[in-house]
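Undergrad: Here it is, the structure in full.
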Amino acid sequence: MARSYDPHSIEPKWQEAWDRDGLYAVSEEPGRPSYYVLEMFPYPSGDIHMGHVRNYTIGDVVARQLTMGGHKVLHPMGWDAFGLPAENAAIKSQTHPATWTYGNIEKQTASFKRMGFSYDWNRKVVSSDVDYYRWGQWIFLKFWERGLVERKSSPVNWCPSCKTVLANEQVLGGGDCWRCHSQVEKRELEQWYFKITEYAQELLDSLDQLAGWPERVKTMQANWIGRSEGAEVDFTLCDAEGEPTDRTITVFTTRPDTLFGCTFFLLAPEHPLVHELVHETEYAGPVRAVVDAAARETAVERASGEAEKVGAFTGRYVVNPVNGEKVPIWVSNYVLMEYGTGAVMAVPCGDQRDFEFARKYGLAIPPVVVAEDDTLLGELRDQRERVMDDVPWDVAYDGPGLMVQSGQFTGTPTGKGGEGMRAVTEWLAERGQGRFSVNFRLRDWLISRQRYWGNPIPAIHCAACGLVPVPEDQLPVVLPSDVDVTKGETLADHPEFYETTCPKCGGVARRETDTMDTFTCSSWYYFRYADARNDQAIWDKDKVDYWLPVDQYIGGIEHAILHLLYSRFFTKVFRDMGLCDFGEPFTNLLTQGMVRMDGEVMSKSKGNVVAPEDMIAEYGADTMRAYILFMAPPDKDLEWSFEGIDGMYRWLSRVWRLVAETAEETASGCGVAASGDEAAKTLHREMHRVIGKVTDDVSRFQLNTSIAALMELTNAAYDYRNSVAQGERDLPLIRDVAENLTKLLAPYVPHMAEELWREILGKDGSVHQQEWPAFDASAAAADVVEMAVQINGKVRARISVEADMQEEHVIEVALTAASKWLEDVEVKKVLVVAGKLVSIVVG
């Protein structure tokens, strides 16, 4: 009598054996195909959750199947360990961030091993380890050498709760901090930046190379990069008396064809000219009120079309270069310093925000572009000079049409990229007052943070020499361990850290006390996995060339802009440094769905969390792995069901009994060598069909349907056992089915498959090192197929025909089978779907 399925004895046994034997350690093997499967490394936040389980199980199945398919597979794991959550958690628990971080890493490592993930633990990286972050400092210095590092003063996003600055990408749509969801403020600070804008055009262009990425992610990145074609236009600044000076203010516009409709000029509250223009004037007070109010709003709030437009007149003017008119300069909250030049030519007839502002403050709204089907065109078609100062519209019109009230350009067809845009820009360029230009929404990446738990920036401030990079031979700049974050201390409160000497002149100097944004750590970790223990160089290029780029990357859609965009930037810089031969880090990207319960995303705050450890304790890791893959396609949200996981356990127990009983039966020799009967042929066909389907489904990440196919093979094997008496069963066939089913199951339920393979079936070597079952298309083809016969969409009969029967003969059989429904009607059309149905259309 075969023993029953007991995951609680099986799973620890094989986890220990795999670890002892180094089963998942991998090295380069030139000439053998390699494949790099990677899930985004986690933050060591504590116990793993169902999102972790789903993400990492998806990757594990792919890695295991590819290994059995003959590939050398790199499948590593590490931790994104620096950052605010660890520091905040340490403060809350009155401990050190390192204690909290490494304790959680130890806990998560045990959980990952308990799940049976096939990681090469020899390649583990932890971003807070000094032998990792020293190379992050080296990267900073190399970026600095290439002109990609800048320190400058500018308005920044400040989170008052986290007490640090945030990159634009880290401010959510409602103006909240991405970490703590506090309202973000604007502050003027001197900060460090990576000049990602130097790669803006390439980051946009090379999105077209990413055929294996979801279109949604590529669209999000393209919109964030935000390339706009237009013109730079120079407006002459007037002095306090209204006389033109030799100074100009440049704007970027995508619609130079609307310049004749510019009736006011806007500056961002942060624009450096604002204070100068109103200093010691009657306009200073109202302008200061606008500036102060804007400082309390985020860029997201100010750019929102729903936000109230607020402004103040500066008392100064600029000259419109196309008509010589003096245009009043206003300051408004909806103009952002980080977009364009921080100055805007306001054309209220063509921009809704300008339209609303003009209506509010009583400014002129002359029409300068009119749609060809607008009745207004008849009145203004030939008007070169302005005869109408207010449009008869309720909203701005930004579509194509004809230019009106636009001097010599009146009557010119126009719209974005149209003839009018080119004509006006060329006219400005001839006079040195404008030029064609391209603008990007993307801004340089603010990477400095005013917190302790991060990678120290390798820079020194010297009164004599200025900013000086730390020499490479003095790396790493070690993060001191005796900073007490529970008292609010940072590196700036630690003289033993910041007091130093200048490496250039030897004089007294101060070490930089800001740390780097944690995203600088996660933007290159996937390279380090290829050569994780190298202490002489960041990596060996030959090893990187063997493994990278990552063939399959798996992670959440929430990283579409931040992590994925930054990683693409780093990779392009590494390529230009000669550190790799490719410009894109991730060939294929899968963004997995959320795990939900009762329609809500699982979260502690909602009280609907199902702890993986609890499910492992009840059902075992294999059941949870198979269940979480079966319930939904990987890229869709999954609705948790306790009934569902219980059903999965019952199926695995059924598979166990099938293989165990087969092993006993074939060992006894009670059966036939090869029956060749119809039942045996049916099972043999089904086995090969399932081998083909599972192989194809895994390659397309249809893991839920692949498990369904394994259930179908299980049912087919039981059907055979039930229909054929013991002693008459085809022993080689049922043994073949048991072995192939075990191998097909191995990526999904690795512990159970290992036990079945070695202990129940008595095979040598690990099941995970066996060859993946080979699909035989001819063996999967049916001799006879059943086809439905439809008449006007309703199934009226079923026929059994030879699989290779010619179509005209299939039609004859179908018409005969359905003859009683065809009396007194005309057959108008017959369509045959091979092997499935015959559709008859009658009238």
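In the structure tokens, each chain is lettered A, B, ... as it comes, each chain's residues begin at 1, and ligands are numbered from 1 in order of appearance.
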Write out as a VMD selection string the residues lying within 12 Å of Lys794 (chain A), counting only C-alpha atoms and excluding same-chain residues fewer than 2 positions away.

TA: chain A and resid 788 to 792 796 to 798 818 821 837 to 842

Undergrad: Could those selected residues go to a file with all heavy atoms, as a compact mmCIF listing (two decimals), in the first residue's frame?

TA:
# COMPACT_ATOMS: atom_id res chain seq x y z
N ALA A 788 -18.29 18.62 -33.87
CA ALA A 788 -19.67 19.09 -33.72
C ALA A 788 -20.19 19.54 -35.08
O ALA A 788 -19.44 20.08 -35.90
CB ALA A 788 -19.72 20.24 -32.73
N VAL A 789 -21.47 19.32 -35.31
CA VAL A 789 -22.13 19.80 -36.53
C VAL A 789 -23.14 20.87 -36.12
O VAL A 789 -24.09 20.58 -35.37
CB VAL A 789 -22.84 18.65 -37.28
CG1 VAL A 789 -23.51 19.20 -38.54
CG2 VAL A 789 -21.85 17.54 -37.61
N GLN A 790 -22.90 22.12 -36.58
CA GLN A 790 -23.79 23.22 -36.24
C GLN A 790 -24.64 23.59 -37.45
O GLN A 790 -24.16 23.56 -38.58
CB GLN A 790 -22.98 24.46 -35.82
CG GLN A 790 -22.23 24.31 -34.52
CD GLN A 790 -21.47 25.59 -34.16
OE1 GLN A 790 -21.32 26.48 -34.99
NE2 GLN A 790 -21.00 25.67 -32.93
N ILE A 791 -25.88 23.96 -37.17
CA ILE A 791 -26.75 24.53 -38.21
C ILE A 791 -27.21 25.89 -37.71
O ILE A 791 -27.88 25.98 -36.67
CB ILE A 791 -27.95 23.61 -38.51
CG1 ILE A 791 -27.46 22.25 -39.02
CG2 ILE A 791 -28.88 24.27 -39.54
CD1 ILE A 791 -28.59 21.27 -39.29
N ASN A 792 -26.78 26.92 -38.43
CA ASN A 792 -27.07 28.31 -38.02
C ASN A 792 -26.69 28.56 -36.56
O ASN A 792 -27.41 29.20 -35.79
CB ASN A 792 -28.54 28.66 -38.25
CG ASN A 792 -28.87 28.80 -39.73
OD1 ASN A 792 -27.99 28.76 -40.58
ND2 ASN A 792 -30.15 28.95 -40.05
N ARG A 796 -26.37 20.41 -33.75
CA ARG A 796 -27.45 19.47 -34.04
C ARG A 796 -26.98 18.01 -34.07
O ARG A 796 -27.80 17.10 -33.97
CB ARG A 796 -28.07 19.81 -35.40
CG ARG A 796 -28.74 21.17 -35.47
CD ARG A 796 -29.89 21.26 -34.48
NE ARG A 796 -30.70 22.45 -34.67
CZ ARG A 796 -31.71 22.81 -33.88
NH1 ARG A 796 -32.01 22.04 -32.84
NH2 ARG A 796 -32.40 23.91 -34.11
N ALA A 797 -25.67 17.80 -34.19
CA ALA A 797 -25.17 16.42 -34.26
C ALA A 797 -23.69 16.42 -33.96
O ALA A 797 -23.04 17.47 -33.92
CB ALA A 797 -25.44 15.84 -35.64
N ARG A 798 -23.15 15.22 -33.73
CA ARG A 798 -21.70 15.05 -33.57
C ARG A 798 -21.28 13.87 -34.44
O ARG A 798 -22.00 12.87 -34.52
CB ARG A 798 -21.31 14.81 -32.11
CG ARG A 798 -21.58 16.01 -31.22
CD ARG A 798 -21.08 15.83 -29.80
NE ARG A 798 -21.39 16.98 -28.98
CZ ARG A 798 -20.67 18.10 -28.93
NH1 ARG A 798 -19.56 18.20 -29.67
NH2 ARG A 798 -21.03 19.11 -28.17
N ALA A 818 -26.84 15.30 -40.14
CA ALA A 818 -27.79 16.38 -39.81
C ALA A 818 -28.95 16.44 -40.80
O ALA A 818 -29.66 17.45 -40.87
CB ALA A 818 -27.05 17.71 -39.79
N TRP A 821 -32.53 17.89 -40.14
CA TRP A 821 -32.70 19.32 -39.95
C TRP A 821 -32.52 20.11 -41.25
O TRP A 821 -32.65 21.32 -41.25
CB TRP A 821 -31.67 19.84 -38.92
CG TRP A 821 -32.00 19.43 -37.51
CD1 TRP A 821 -32.91 20.00 -36.68
CD2 TRP A 821 -31.43 18.36 -36.79
NE1 TRP A 821 -32.96 19.37 -35.48
CE2 TRP A 821 -32.04 18.33 -35.50
CE3 TRP A 821 -30.48 17.36 -37.07
CZ2 TRP A 821 -31.74 17.40 -34.54
CZ3 TRP A 821 -30.17 16.45 -36.11
CH2 TRP A 821 -30.78 16.45 -34.85
N LEU A 837 -15.25 21.33 -35.80
CA LEU A 837 -16.67 21.46 -36.10
C LEU A 837 -16.92 21.66 -37.58
O LEU A 837 -16.03 22.04 -38.34
CB LEU A 837 -17.31 22.59 -35.29
CG LEU A 837 -16.89 24.05 -35.58
CD1 LEU A 837 -17.69 24.64 -36.73
CD2 LEU A 837 -17.09 24.90 -34.33
N VAL A 838 -18.18 21.38 -37.95
CA VAL A 838 -18.68 21.69 -39.29
C VAL A 838 -19.85 22.64 -39.09
O VAL A 838 -20.82 22.32 -38.38
CB VAL A 838 -19.16 20.42 -40.04
CG1 VAL A 838 -19.69 20.80 -41.42
CG2 VAL A 838 -18.02 19.41 -40.15
N SER A 839 -19.78 23.83 -39.69
CA SER A 839 -20.81 24.84 -39.54
C SER A 839 -21.59 24.95 -40.85
O SER A 839 -21.03 25.24 -41.90
CB SER A 839 -20.19 26.20 -39.19
OG SER A 839 -21.19 27.19 -39.10
N ILE A 840 -22.92 24.70 -40.75
CA ILE A 840 -23.79 24.73 -41.93
C ILE A 840 -24.71 25.94 -41.80
O ILE A 840 -25.37 26.12 -40.77
CB ILE A 840 -24.62 23.44 -42.03
CG1 ILE A 840 -23.69 22.21 -42.06
CG2 ILE A 840 -25.52 23.47 -43.26
CD1 ILE A 840 -24.43 20.89 -41.92
N VAL A 841 -24.75 26.75 -42.86
CA VAL A 841 -25.64 27.91 -42.89
C VAL A 841 -26.76 27.61 -43.87
O VAL A 841 -26.52 27.24 -45.03
CB VAL A 841 -24.89 29.19 -43.34
CG1 VAL A 841 -25.84 30.38 -43.38
CG2 VAL A 841 -23.72 29.46 -42.39
N VAL A 842 -28.01 27.71 -43.38
CA VAL A 842 -29.17 27.42 -44.23
C VAL A 842 -30.08 28.64 -44.30
O VAL A 842 -30.01 29.54 -43.45
CB VAL A 842 -29.95 26.20 -43.70
CG1 VAL A 842 -29.05 24.97 -43.63
CG2 VAL A 842 -30.57 26.48 -42.34

Undergrad: Where does DSSP see helix (DSSP H, G or I) in region 34-113 of chain A, if you list the residues as a PyMOL selection string?

TA: chain A and resi 50-68+84-93+97-113

Undergrad: Mind checking which residues fall within 6 Å of Asp730 (chain A), counting only C-alpha atoms, ignoring those fewer than 2 positions away in the same chain, and posting them as a count of residues only?

TA: 6

Undergrad: Write out as a list in words the set of residues from region 286-399 of chain A that DSSP, computed on the backbone, places in strand (DSSP E or B).

TA: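 Across region 286-399 of chain A, those assigned strand (DSSP E or B) are Gly311, Ala312, Phe313, Thr314, Gly315, Arg316, Tyr317, Val318, Val319, Lys326, Val327, Pro328, Ile329, Trp330, Val331, Ser332, Ala343, Val344, Met345, Ala346, Ile365, Val369, Val370 and Asp390 of chain A.
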
Undergrad: Quick one: everything within 7 Å of region 525-540 of chain A, counting only C-alpha atoms, minus sequence neighbours fewer than 3 positions away in the same chain. Send it as an NGL selection string.

TA: :A and (76 or 123 or 125 or 135 or 521-522 or 543-544 or 547)

Undergrad: Could you name the residues that touch Leu741 (chain A) at 8 Å or less, counting only C-alpha atoms, but leaving out those on the same chain fewer than 4 positions away, as a ChimeraX atom specification?

TA: /A:710,713,737,745

Undergrad: Write the selection just made, keeping N, CA, C and O atoms, as a CSV table (one decimal), in the first residue's frame?

TA:
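Below you can see again_9.csv, which holds the result:
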chain,number,residue,atom,x,y,z
A,710,LEU,N,-2.2,19.6,-17.0
A,710,LEU,CA,-1.7,18.5,-16.2
A,710,LEU,C,-2.8,17.8,-15.4
A,710,LEU,O,-2.8,16.6,-15.2
A,713,LEU,N,-4.3,15.4,-17.9
A,713,LEU,CA,-3.5,14.2,-18.1
A,713,LEU,C,-3.7,13.3,-16.9
A,713,LEU,O,-3.8,12.1,-17.0
A,737,VAL,N,3.8,7.5,-18.6
A,737,VAL,CA,2.9,8.6,-18.2
A,737,VAL,C,3.3,9.1,-16.8
A,737,VAL,O,3.4,10.3,-16.6
A,745,LEU,N,5.5,18.2,-13.8
A,745,LEU,CA,5.1,18.9,-12.5
A,745,LEU,C,6.3,19.5,-11.8
A,745,LEU,O,6.1,20.4,-11.0

Undergrad: Excluding same-chain residues fewer than 6 positions from region 284-298 of chain A, what lies within 8 Å of it counting only C-alpha atoms, as number ranges by chain?

TA: A: 157, 175, 184-187, 269-270, 275, 278, 310-314, 331-333
